file work-v4.csv (CSV, C-alpha atoms)
chain,number,residue,atom,x,y,z
F,1,MET,CA,-11.5,-23.9,-12.6
F,2,ASN,CA,-12.6,-21.0,-14.8
F,3,PRO,CA,-15.1,-18.5,-13.6
F,4,ASP,CA,-18.3,-17.5,-15.5
F,5,PHE,CA,-16.7,-15.0,-17.8
F,6,ALA,CA,-20.0,-13.6,-19.0
F,7,HIS,CA,-20.9,-12.8,-15.4
F,8,LEU,CA,-17.4,-11.5,-14.6
F,9,THR,CA,-17.6,-9.2,-17.6
F,10,GLN,CA,-20.9,-7.7,-16.4
F,11,TYR,CA,-19.7,-7.4,-12.8
F,12,ALA,CA,-16.4,-5.7,-13.7
F,13,LYS,CA,-18.1,-3.3,-16.0
F,14,SER,CA,-20.6,-2.2,-13.3
F,15,PHE,CA,-17.7,-1.8,-10.8
F,16,ALA,CA,-15.7,0.3,-13.3
F,17,SER,CA,-18.8,2.2,-14.5
F,18,LEU,CA,-17.7,1.2,-18.1
F,19,THR,CA,-20.7,2.2,-20.2
F,20,PRO,CA,-21.7,1.3,-23.8
F,21,GLU,CA,-21.0,5.0,-24.6
F,22,ASP,CA,-17.5,4.6,-23.2
F,23,GLU,CA,-16.9,1.5,-25.3
F,24,ILE,CA,-18.0,3.4,-28.5
F,25,LEU,CA,-15.8,6.4,-27.5
F,26,LEU,CA,-12.7,4.3,-26.9
F,27,LYS,CA,-12.9,2.8,-30.4
F,28,GLU,CA,-13.6,6.2,-31.9
F,29,MET,CA,-10.3,7.5,-30.3
F,30,ALA,CA,-8.3,4.5,-31.6
F,31,ASP,CA,-7.1,6.2,-34.8
F,32,ARG,CA,-5.6,9.2,-33.0
F,33,MET,CA,-4.4,7.4,-29.9
F,34,LEU,CA,-2.7,4.3,-31.5
F,35,PRO,CA,0.3,6.1,-33.1
F,36,HIS,CA,1.3,7.3,-29.6
F,37,LEU,CA,0.8,4.1,-27.6
F,38,GLN,CA,4.3,2.8,-28.2
F,39,ALA,CA,5.6,5.9,-26.5
F,40,VAL,CA,3.2,5.3,-23.6
F,41,THR,CA,4.7,1.8,-23.2
F,42,ASP,CA,8.3,3.1,-23.5
F,43,ASP,CA,7.7,5.8,-20.9
F,44,PHE,CA,6.0,3.2,-18.6
F,45,TYR,CA,9.0,0.9,-18.7
F,46,GLY,CA,11.3,3.9,-18.3
F,47,GLN,CA,9.5,4.8,-15.1
F,48,LEU,CA,9.5,1.2,-13.9
F,49,THR,CA,13.2,0.8,-14.3
F,50,ALA,CA,13.7,3.8,-12.0
F,51,ILE,CA,12.0,1.8,-9.2
F,52,PRO,CA,14.6,-0.5,-7.5
F,53,GLU,CA,12.0,-3.1,-6.5
F,54,THR,CA,11.1,-3.8,-10.2
F,55,GLN,CA,14.7,-4.6,-11.3
F,56,VAL,CA,14.5,-8.4,-10.7
F,57,PHE,CA,11.4,-8.6,-12.9
F,58,LEU,CA,12.8,-6.5,-15.8
F,59,GLU,CA,16.4,-7.5,-16.2
F,60,GLY,CA,17.1,-8.6,-19.7
F,61,ARG,CA,13.4,-8.8,-20.5
F,62,VAL,CA,12.3,-5.2,-21.1
F,63,GLU,CA,12.1,-5.5,-24.9
F,64,ILE,CA,9.9,-8.6,-24.9
F,65,LEU,CA,7.7,-7.2,-22.1
F,66,LYS,CA,7.2,-4.0,-24.0
F,67,GLN,CA,5.9,-5.9,-27.0
F,68,THR,CA,3.2,-7.7,-24.9
F,69,HIS,CA,2.5,-4.4,-23.1
F,70,VAL,CA,1.9,-2.2,-26.1
F,71,GLY,CA,-0.4,-4.9,-27.5
F,72,TRP,CA,-2.4,-4.7,-24.3
F,73,VAL,CA,-2.6,-0.9,-24.3
F,74,LYS,CA,-3.7,-0.9,-27.9
F,75,SER,CA,-6.4,-3.5,-27.1
F,76,LEU,CA,-8.0,-1.0,-24.7
F,77,PHE,CA,-9.0,1.1,-27.7
F,78,THR,CA,-9.5,-1.6,-30.3
F,79,ALA,CA,-10.9,-4.8,-28.7
F,80,ASP,CA,-14.5,-5.7,-28.1
F,81,LEU,CA,-14.8,-5.6,-24.3
F,82,ASP,CA,-16.6,-8.9,-24.2
F,83,GLU,CA,-16.1,-12.3,-22.6
F,84,GLN,CA,-13.1,-13.1,-24.6
F,85,PHE,CA,-11.4,-9.9,-23.5
F,86,THR,CA,-12.3,-10.7,-19.9
F,87,GLU,CA,-10.8,-14.2,-20.3
F,88,GLN,CA,-7.5,-12.6,-21.6
F,89,GLN,CA,-7.3,-10.2,-18.6
F,90,TYR,CA,-8.0,-13.0,-16.3
F,91,LYS,CA,-5.1,-15.0,-17.7
F,92,VAL,CA,-2.8,-12.0,-17.3
F,93,GLY,CA,-3.6,-12.1,-13.5
F,94,LEU,CA,-2.6,-15.8,-13.5
F,95,VAL,CA,0.6,-15.1,-15.3
F,96,HIS,CA,1.5,-12.4,-12.8
F,97,VAL,CA,1.2,-14.9,-9.9
F,98,LYS,CA,3.3,-17.5,-11.8
F,99,VAL,CA,6.1,-15.0,-12.3
F,100,GLU,CA,5.7,-14.0,-8.6
F,101,LEU,CA,5.0,-10.4,-9.4
F,102,PRO,CA,4.0,-8.6,-6.2
F,103,THR,CA,0.3,-7.7,-6.2
F,104,GLU,CA,0.9,-3.9,-5.9
F,105,PHE,CA,2.7,-4.0,-9.3
F,106,MET,CA,-0.7,-4.2,-11.0
F,107,SER,CA,-2.4,-1.2,-9.3
F,108,GLY,CA,0.9,0.8,-9.3
F,109,GLY,CA,1.4,0.0,-13.0
F,110,MET,CA,-2.1,1.1,-13.8
F,111,THR,CA,-1.6,4.4,-12.0
F,112,LEU,CA,1.5,5.1,-14.1
F,113,ILE,CA,-0.3,4.2,-17.3
F,114,ASN,CA,-3.4,6.3,-16.4
F,115,SER,CA,-1.1,9.3,-15.6
F,116,ARG,CA,0.6,9.0,-19.0
F,117,LEU,CA,-2.7,8.6,-20.8
F,118,ILE,CA,-4.1,11.7,-19.1
F,119,GLN,CA,-1.2,13.6,-20.5
F,120,LEU,CA,-1.7,12.2,-24.0
F,121,VAL,CA,-5.4,12.9,-24.0
F,122,PHE,CA,-4.7,16.6,-23.2
F,123,GLU,CA,-2.1,16.7,-25.9
F,124,LEU,CA,-4.5,15.3,-28.5
F,125,TYR,CA,-7.9,16.7,-27.4
F,126,GLY,CA,-7.0,19.5,-25.0
F,127,ASP,CA,-8.8,22.2,-27.1
F,128,GLU,CA,-12.1,20.3,-26.8
F,129,PRO,CA,-12.8,20.2,-23.0
F,130,GLU,CA,-16.0,18.2,-23.3
F,131,TYR,CA,-14.4,15.5,-25.4
F,132,THR,CA,-11.4,15.5,-23.1
F,133,GLU,CA,-13.6,14.8,-20.1
F,134,LYS,CA,-15.5,12.0,-21.8
F,135,ALA,CA,-12.3,10.5,-23.0
F,136,LEU,CA,-10.7,10.5,-19.6
F,137,LYS,CA,-13.7,8.9,-18.0
F,138,ALA,CA,-13.7,6.2,-20.6
F,139,ILE,CA,-10.0,5.5,-20.2
F,140,ASN,CA,-10.3,5.4,-16.4
F,141,ALA,CA,-13.2,3.0,-16.8
F,142,VAL,CA,-11.4,0.6,-19.2
F,143,THR,CA,-8.2,0.5,-17.2
F,144,GLY,CA,-10.2,-0.1,-14.0
F,145,PHE,CA,-12.2,-2.8,-15.8
F,146,SER,CA,-9.0,-4.6,-16.8
F,147,LEU,CA,-7.4,-4.2,-13.4
F,148,LEU,CA,-10.4,-5.5,-11.5
F,149,ILE,CA,-10.4,-8.8,-13.6
F,150,MET,CA,-6.6,-9.2,-13.3
F,151,GLN,CA,-6.7,-8.7,-9.5
F,152,GLN,CA,-9.5,-11.2,-9.0
F,153,SER,CA,-7.6,-13.9,-10.8
F,154,TYR,CA,-4.4,-12.9,-9.1
F,155,GLN,CA,-6.1,-13.2,-5.7
F,156,GLU,CA,-7.6,-16.6,-6.5
F,157,ALA,CA,-4.3,-18.0,-7.9
F,158,SER,CA,-2.2,-16.7,-5.0
F,159,LEU,CA,-4.5,-18.4,-2.4
F,160,LEU,CA,-4.2,-21.6,-4.4
F,161,GLU,CA,-0.4,-21.3,-4.5
F,162,GLU,CA,-0.5,-20.8,-0.7
F,163,LEU,CA,-2.4,-24.0,-0.3
F,164,GLU,CA,0.1,-25.9,-2.5
F,165,ARG,CA,3.0,-24.5,-0.4
F,166,PHE,CA,1.3,-25.6,2.7
F,167,LEU,CA,0.8,-29.2,1.3
F,168,LYS,CA,4.4,-29.4,0.3
F,169,ILE,CA,5.7,-28.2,3.6
F,170,THR,CA,3.5,-30.5,5.6
F,171,GLY,CA,3.8,-33.4,3.2
F,172,MET,CA,0.0,-33.7,3.3
F,173,SER,CA,-1.9,-34.9,0.3
F,174,ARG,CA,-4.5,-32.8,-1.4
F,175,VAL,CA,-7.1,-35.5,-0.9
F,176,LEU,CA,-6.5,-35.7,2.9
F,177,PHE,CA,-6.6,-31.9,3.1
F,178,ASP,CA,-9.9,-31.7,1.2
F,179,ASN,CA,-11.4,-34.4,3.4
F,180,LEU,CA,-10.3,-32.5,6.6
F,181,ALA,CA,-11.6,-29.2,5.1
F,182,ALA,CA,-15.0,-30.8,4.4
F,183,ALA,CA,-15.2,-32.3,7.9
F,184,TYR,CA,-14.2,-29.0,9.4
F,185,LYS,CA,-17.0,-27.1,7.6
F,186,THR,CA,-19.7,-29.5,8.9
F,187,ASP,CA,-18.5,-29.3,12.5
S,1,MET,CA,4.5,-7.5,12.1
S,2,ASN,CA,4.4,-3.9,10.7
S,3,PRO,CA,6.4,-3.1,7.6
S,4,ASP,CA,8.9,-0.2,7.3
S,5,PHE,CA,6.4,2.6,6.7
S,6,ALA,CA,9.1,5.1,5.7
S,7,HIS,CA,10.2,2.8,2.9
S,8,LEU,CA,6.7,1.8,1.9
S,9,THR,CA,5.8,5.5,1.6
S,10,GLN,CA,8.7,6.1,-0.8
S,11,TYR,CA,8.0,2.9,-2.8
S,12,ALA,CA,4.3,3.7,-3.2
S,13,LYS,CA,5.0,7.3,-4.2
S,14,SER,CA,7.4,6.2,-6.9
S,15,PHE,CA,5.0,3.6,-8.2
S,16,ALA,CA,2.1,6.1,-8.3
S,17,SER,CA,4.4,8.9,-9.6
S,18,LEU,CA,3.2,11.1,-6.8
S,19,THR,CA,5.5,14.1,-6.9
S,20,PRO,CA,6.1,16.9,-4.3
S,21,GLU,CA,4.4,19.2,-6.8
S,22,ASP,CA,1.3,16.9,-6.8
S,23,GLU,CA,1.2,17.0,-3.0
S,24,ILE,CA,1.3,20.9,-3.0
S,25,LEU,CA,-1.4,21.0,-5.7
S,26,LEU,CA,-3.7,18.7,-3.8
S,27,LYS,CA,-3.6,20.9,-0.7
S,28,GLU,CA,-4.1,24.0,-2.9
S,29,MET,CA,-7.3,22.4,-4.3
S,30,ALA,CA,-8.7,21.5,-0.9
S,31,ASP,CA,-10.7,24.7,-0.4
S,32,ARG,CA,-12.6,24.3,-3.6
S,33,MET,CA,-12.9,20.5,-3.6
S,34,LEU,CA,-13.9,19.9,0.0
S,35,PRO,CA,-17.5,21.3,-0.2
S,36,HIS,CA,-18.2,18.8,-2.9
S,37,LEU,CA,-16.7,15.6,-1.4
S,38,GLN,CA,-19.8,14.6,0.6
S,39,ALA,CA,-21.6,14.4,-2.8
S,40,VAL,CA,-18.7,12.3,-4.2
S,41,THR,CA,-19.1,9.8,-1.3
S,42,ASP,CA,-22.9,9.8,-1.6
S,43,ASP,CA,-22.7,9.1,-5.4
S,44,PHE,CA,-20.1,6.4,-4.8
S,45,TYR,CA,-22.4,4.5,-2.4
S,46,GLY,CA,-25.3,5.1,-4.8
S,47,GLN,CA,-23.3,3.3,-7.5
S,48,LEU,CA,-22.2,0.6,-5.1
S,49,THR,CA,-25.8,-0.2,-4.1
S,50,ALA,CA,-26.6,-0.8,-7.7
S,51,ILE,CA,-24.1,-3.7,-7.8
S,52,PRO,CA,-25.8,-6.9,-6.4
S,53,GLU,CA,-22.5,-8.3,-5.1
S,54,THR,CA,-22.0,-5.4,-2.7
S,55,GLN,CA,-25.4,-5.7,-0.9
S,56,VAL,CA,-24.2,-8.1,1.8
S,57,PHE,CA,-21.4,-5.6,2.8
S,58,LEU,CA,-23.7,-2.5,2.8
S,59,GLU,CA,-27.0,-3.6,4.3
S,60,GLY,CA,-27.8,-1.4,7.3
S,61,ARG,CA,-24.4,0.1,7.3
S,62,VAL,CA,-24.3,2.7,4.5
S,63,GLU,CA,-24.6,5.8,6.8
S,64,ILE,CA,-21.7,4.8,9.0
S,65,LEU,CA,-19.6,3.7,6.0
S,66,LYS,CA,-20.2,7.0,4.3
S,67,GLN,CA,-18.8,8.9,7.3
S,68,THR,CA,-15.6,6.9,7.3
S,69,HIS,CA,-15.4,7.2,3.5
S,70,VAL,CA,-15.9,11.0,3.2
S,71,GLY,CA,-13.2,11.4,5.9
S,72,TRP,CA,-10.8,9.4,3.7
S,73,VAL,CA,-11.7,11.3,0.5
S,74,LYS,CA,-11.1,14.6,2.3
S,75,SER,CA,-7.8,13.3,3.6
S,76,LEU,CA,-6.5,13.0,0.0
S,77,PHE,CA,-6.6,16.8,-0.2
S,78,THR,CA,-5.7,17.7,3.4
S,79,ALA,CA,-3.4,15.1,4.9
S,80,ASP,CA,0.4,15.2,4.8
S,81,LEU,CA,1.2,12.1,2.7
S,82,ASP,CA,3.8,10.8,5.1
S,83,GLU,CA,4.5,7.7,7.1
S,84,GLN,CA,1.4,8.3,9.3
S,85,PHE,CA,-0.8,8.5,6.3
S,86,THR,CA,0.8,5.3,4.9
S,87,GLU,CA,0.2,3.5,8.2
S,88,GLN,CA,-3.5,4.5,8.1
S,89,GLN,CA,-4.0,3.2,4.5
S,90,TYR,CA,-2.2,0.0,5.5
S,91,LYS,CA,-4.7,-0.5,8.3
S,92,VAL,CA,-7.6,0.0,5.9
S,93,GLY,CA,-6.3,-2.9,3.9
S,94,LEU,CA,-6.2,-5.1,7.0
S,95,VAL,CA,-9.8,-4.0,7.9
S,96,HIS,CA,-10.9,-5.0,4.4
S,97,VAL,CA,-9.6,-8.5,5.0
S,98,LYS,CA,-11.2,-8.7,8.4
S,99,VAL,CA,-14.6,-7.9,7.0
S,100,GLU,CA,-13.9,-10.3,4.1
S,101,LEU,CA,-14.3,-7.7,1.4
S,102,PRO,CA,-13.4,-9.2,-1.9
S,103,THR,CA,-10.0,-7.9,-3.2
S,104,GLU,CA,-11.6,-6.3,-6.4
S,105,PHE,CA,-13.8,-4.0,-4.3
S,106,MET,CA,-10.7,-1.8,-3.7
S,107,SER,CA,-9.6,-1.3,-7.3
S,108,GLY,CA,-13.2,-1.2,-8.4
S,109,GLY,CA,-14.1,1.3,-5.8
S,110,MET,CA,-11.1,3.5,-6.7
S,111,THR,CA,-12.1,3.4,-10.3
S,112,LEU,CA,-15.6,4.7,-9.4
S,113,ILE,CA,-14.2,7.4,-7.2
S,114,ASN,CA,-11.7,8.5,-9.9
S,115,SER,CA,-14.5,8.7,-12.4
S,116,ARG,CA,-16.5,11.0,-10.1
S,117,LEU,CA,-13.5,13.1,-9.3
S,118,ILE,CA,-12.7,13.6,-13.0
S,119,GLN,CA,-16.2,15.0,-13.4
S,120,LEU,CA,-15.8,17.3,-10.4
S,121,VAL,CA,-12.5,18.7,-11.5
S,122,PHE,CA,-14.0,19.6,-14.9
S,123,GLU,CA,-16.9,21.3,-13.2
S,124,LEU,CA,-14.6,23.4,-11.0
S,125,TYR,CA,-11.6,24.0,-13.2
S,126,GLY,CA,-12.8,23.1,-16.7
S,127,ASP,CA,-12.1,26.6,-18.0
S,128,GLU,CA,-8.4,26.3,-17.1
S,129,PRO,CA,-7.1,23.3,-19.1
S,130,GLU,CA,-3.5,23.4,-17.8
S,131,TYR,CA,-4.7,23.4,-14.2
S,132,THR,CA,-7.3,20.7,-15.0
S,133,GLU,CA,-4.6,18.4,-16.4
S,134,LYS,CA,-2.3,18.9,-13.4
S,135,ALA,CA,-5.2,18.4,-11.0
S,136,LEU,CA,-6.2,15.1,-12.7
S,137,LYS,CA,-2.7,13.8,-12.6
S,138,ALA,CA,-2.3,14.6,-8.9
S,139,ILE,CA,-5.7,13.0,-8.1
S,140,ASN,CA,-4.8,9.9,-10.1
S,141,ALA,CA,-1.5,9.7,-8.3
S,142,VAL,CA,-2.9,10.1,-4.8
S,143,THR,CA,-5.7,7.6,-5.3
S,144,GLY,CA,-3.1,5.2,-6.8
S,145,PHE,CA,-0.8,5.8,-3.9
S,146,SER,CA,-3.5,4.9,-1.4
S,147,LEU,CA,-4.7,1.9,-3.3
S,148,LEU,CA,-1.2,0.4,-3.6
S,149,ILE,CA,-0.7,0.5,0.1
S,150,MET,CA,-4.1,-0.9,0.9
S,151,GLN,CA,-3.6,-3.7,-1.5
S,152,GLN,CA,-0.2,-4.6,-0.2
S,153,SER,CA,-1.5,-5.0,3.3
S,154,TYR,CA,-4.6,-6.8,2.0
S,155,GLN,CA,-2.5,-9.4,0.2
S,156,GLU,CA,-0.3,-10.0,3.2
S,157,ALA,CA,-3.2,-10.3,5.6
S,158,SER,CA,-5.2,-12.6,3.3
S,159,LEU,CA,-2.2,-15.0,2.9
S,160,LEU,CA,-1.9,-15.1,6.7
S,161,GLU,CA,-5.6,-15.8,7.1
S,162,GLU,CA,-5.2,-18.6,4.6
S,163,LEU,CA,-2.4,-20.1,6.7
S,164,GLU,CA,-4.5,-19.8,9.9
S,165,ARG,CA,-7.4,-21.6,8.0
S,166,PHE,CA,-5.0,-24.5,7.1
S,167,LEU,CA,-3.8,-24.8,10.7
S,168,LYS,CA,-7.4,-24.9,12.0
S,169,ILE,CA,-8.4,-27.5,9.5
S,170,THR,CA,-5.5,-29.7,10.0
S,171,GLY,CA,-5.2,-29.2,13.8
S,172,MET,CA,-1.5,-28.4,13.3
S,173,SER,CA,0.1,-25.9,15.7
S,174,ARG,CA,1.8,-22.8,14.3
S,175,VAL,CA,5.1,-23.9,16.0
S,176,LEU,CA,5.1,-27.2,14.3
S,177,PHE,CA,4.3,-25.6,10.9
S,178,ASP,CA,7.0,-23.0,11.3
S,179,ASN,CA,9.5,-25.7,12.1
S,180,LEU,CA,8.5,-27.8,9.1
S,181,ALA,CA,8.7,-24.6,6.9
S,182,ALA,CA,12.2,-23.9,8.1
S,183,ALA,CA,13.3,-27.5,7.5
S,184,TYR,CA,11.7,-27.4,4.0
S,185,LYS,CA,13.6,-24.3,3.1
S,186,THR,CA,17.0,-25.8,4.0
S,187,ASP,CA,16.3,-29.0,2.0
call {"tool": "encode", "arguments": {"input": "work-v4.csv", "output": "structure tokens"}}
result
Amino acid sequence: MNPDFAHLTQYAKSFASLTPEDEILLKEMADRMLPHLQAVTDDFYGQLTAIPETQVFLEGRVEILKQTHVGWVKSLFTADLDEQFTEQQYKVGLVHVKVELPTEFMSGGMTLINSRLIQLVFELYGDEPEYTEKALKAINAVTGFSLLIMQQSYQEASLLEELERFLKITGMSRVLFDNLAAAYKTD
Amino acid sequence: MNPDFAHLTQYAKSFASLTPEDEILLKEMADRMLPHLQAVTDDFYGQLTAIPETQVFLEGRVEILKQTHVGWVKSLFTADLDEQFTEQQYKVGLVHVKVELPTEFMSGGMTLINSRLIQLVFELYGDEPEYTEKALKAINAVTGFSLLIMQQSYQEASLLEELERFLKITGMSRVLFDNLAAAYKTD
């Protein structure tokens, strides 16, 4: 069951303090940022491959993962951050559960990307401290916005997977379980 | 069962790209940062109270929560980021499950805190761009480090809670479930 994406968009924006001014600024930065985002993605996967725990998720798939990834990084500066965007981020969380990616890969990955984007912003805008500050706040907000939505769907999907695992192991039907759960609640 | 905290420390540091140089820098910044961290915490709770979904977790508890929170923010600049620190962050994740805090409160909260710390770093170090860049990377790394550990324990604890909920609902004993799970695995 899909959540109310309009509400989730609003909620995630307030929790990431992503303001309308940030959204305008991100699009304004797109022209200068975009030519460097492939390098951000390349460096990100370079750092990931240095972490032993990521190997099993990367082997033989790095090139295809990079393509999806750079599209996502670009979208932070080009997409309208609306319900459709929220729905896409939500789906990314679901995919991460499906491929059994550990939950900490999302926040860890976002930390690495933010670190690289901090460096890039100083390279491009370092001689304008006021602009640099605004740009870094907008980037922190949009990555936090995306992460929050992904993690919410990840959490929901992983609890549902746990229920399915339980039903398989016990041989219990979903109908029987739902009836027991309803009876338990009214006890 | 506790994880191997030495290994988790190493793993989380590599995923947050928290370097020995960052750790030295954070402690170096402590003197100038510490007098402003109560304001960071106050602003953080100010922003939280503006989000309707947080009300139920805050009502009547803001002052006591602020005390714990400011202690944690200070620790980012004063603590040795070692196994003991990792164990503490791990426990914070467990507490968040116990009080039924939604998973997105952790990443959302960290985004708000990072945003406020970006502002503070520019206020204090804005006239030294090179130092500002290093400081922001170190702060991004240490908040990411802390978040990754919290989220790993949160995820483990929430799956365990889900299992306990199944067992209560179905009236099944843990021993019987574990035996069925072992048999299922060898099928």
call {"tool": "closest_residue", "arguments": {"input": "work-v4.csv", "among": "S:Thr143, S:Thr103, S:Gln10, S:Ser158", "to": "S:Phe77", "atoms": "all atoms listed in the file"}}
result
S:Thr143
call {"tool": "atom_distance", "arguments": {"input": "work-v4.csv", "atom1": "atom CA of S:Glu104", "atom2": "atom CA of S:His7"}}
result
25.4 Å
call {"tool": "residues_near_point", "arguments": {"input": "work-v4.csv", "point": "(-16.9, 7.4, 4.9)", "cutoff": "12 Å", "atoms": "only C-alpha atoms", "output": "list in words"}}
result
Leu37, Gln38, Ala39, Val40, Thr41, Asp42, Asp43, Phe44, Tyr45, Arg61, Val62, Glu63, Ile64, Leu65, Lys66, Gln67, Thr68, His69, Val70, Gly71, Trp72, Val73, Lys74, Ser75 and Val92 of chain S
call {"tool": "closest_residue", "arguments": {"input": "work-v4.csv", "among": "S:Leu148, S:Leu48, S:Leu163, S:Leu26", "to": "F:Met106", "atoms": "all atoms listed in the file"}}
result
S:Leu148
call {"tool": "closest_residue", "arguments": {"input": "work-v4.csv", "among": "S:Tyr90, S:Phe166, S:Phe122, S:Phe85", "to": "S:Met150", "atoms": "only C-alpha atoms"}}
result
S:Tyr90
call {"tool": "closest_residue", "arguments": {"input": "work-v4.csv", "among": "F:Val56, F:Leu34, F:Ala50, F:Val99", "to": "chain S", "atoms": "only C-alpha atoms"}}
result
F:Ala50
call {"tool": "closest_residue", "arguments": {"input": "work-v4.csv", "among": "S:Pro102, S:Ser115, S:Gly46, S:Gly109", "to": "F:Thr19", "atoms": "only C-alpha atoms"}}
result
S:Ser115
call {"tool": "closest_residue", "arguments": {"input": "work-v4.csv", "among": "F:Leu58, F:Leu167, F:Leu176, F:Ala6", "to": "F:Leu81", "atoms": "all atoms listed in the file"}}
result
F:Ala6
call {"tool": "decode", "arguments": {"input": "work-v4.csv", "residues": "stretch 99-118 of chain S", "atoms": "C-alpha atoms", "output": "PDB file, in the first residue's frame"}}
result
ATOM      1  CA  VAL S  99      10.339   4.678  22.841  1.00  0.00           C
ATOM      2  CA  GLU S 100       8.914   3.780  19.404  1.00  0.00           C
ATOM      3  CA  LEU S 101      10.538   6.722  17.647  1.00  0.00           C
ATOM      4  CA  PRO S 102       9.967   6.403  13.878  1.00  0.00           C
ATOM      5  CA  THR S 103      13.149   5.507  11.995  1.00  0.00           C
ATOM      6  CA  GLU S 104      13.153   8.718   9.937  1.00  0.00           C
ATOM      7  CA  PHE S 105      13.491  10.851  13.087  1.00  0.00           C
ATOM      8  CA  MET S 106      17.169   9.895  13.238  1.00  0.00           C
ATOM      9  CA  SER S 107      18.174  10.862   9.695  1.00  0.00           C
ATOM     10  CA  GLY S 108      15.796  13.836   9.724  1.00  0.00           C
ATOM     11  CA  GLY S 109      17.169  15.023  13.042  1.00  0.00           C
ATOM     12  CA  MET S 110      20.733  14.668  11.819  1.00  0.00           C
ATOM     13  CA  THR S 111      19.922  16.755   8.742  1.00  0.00           C
ATOM     14  CA  LEU S 112      18.568  19.568  10.947  1.00  0.00           C
ATOM     15  CA  ILE S 113      21.624  19.442  13.205  1.00  0.00           C
ATOM     16  CA  ASN S 114      24.028  19.446  10.264  1.00  0.00           C
ATOM     17  CA  SER S 115      22.217  22.437   8.805  1.00  0.00           C
ATOM     18  CA  ARG S 116      22.587  24.364  12.066  1.00  0.00           C
ATOM     19  CA  LEU S 117      26.249  23.351  12.428  1.00  0.00           C
ATOM     20  CA  ILE S 118      26.997  24.555   8.870  1.00  0.00           C
TER      21      ILE S 118
END
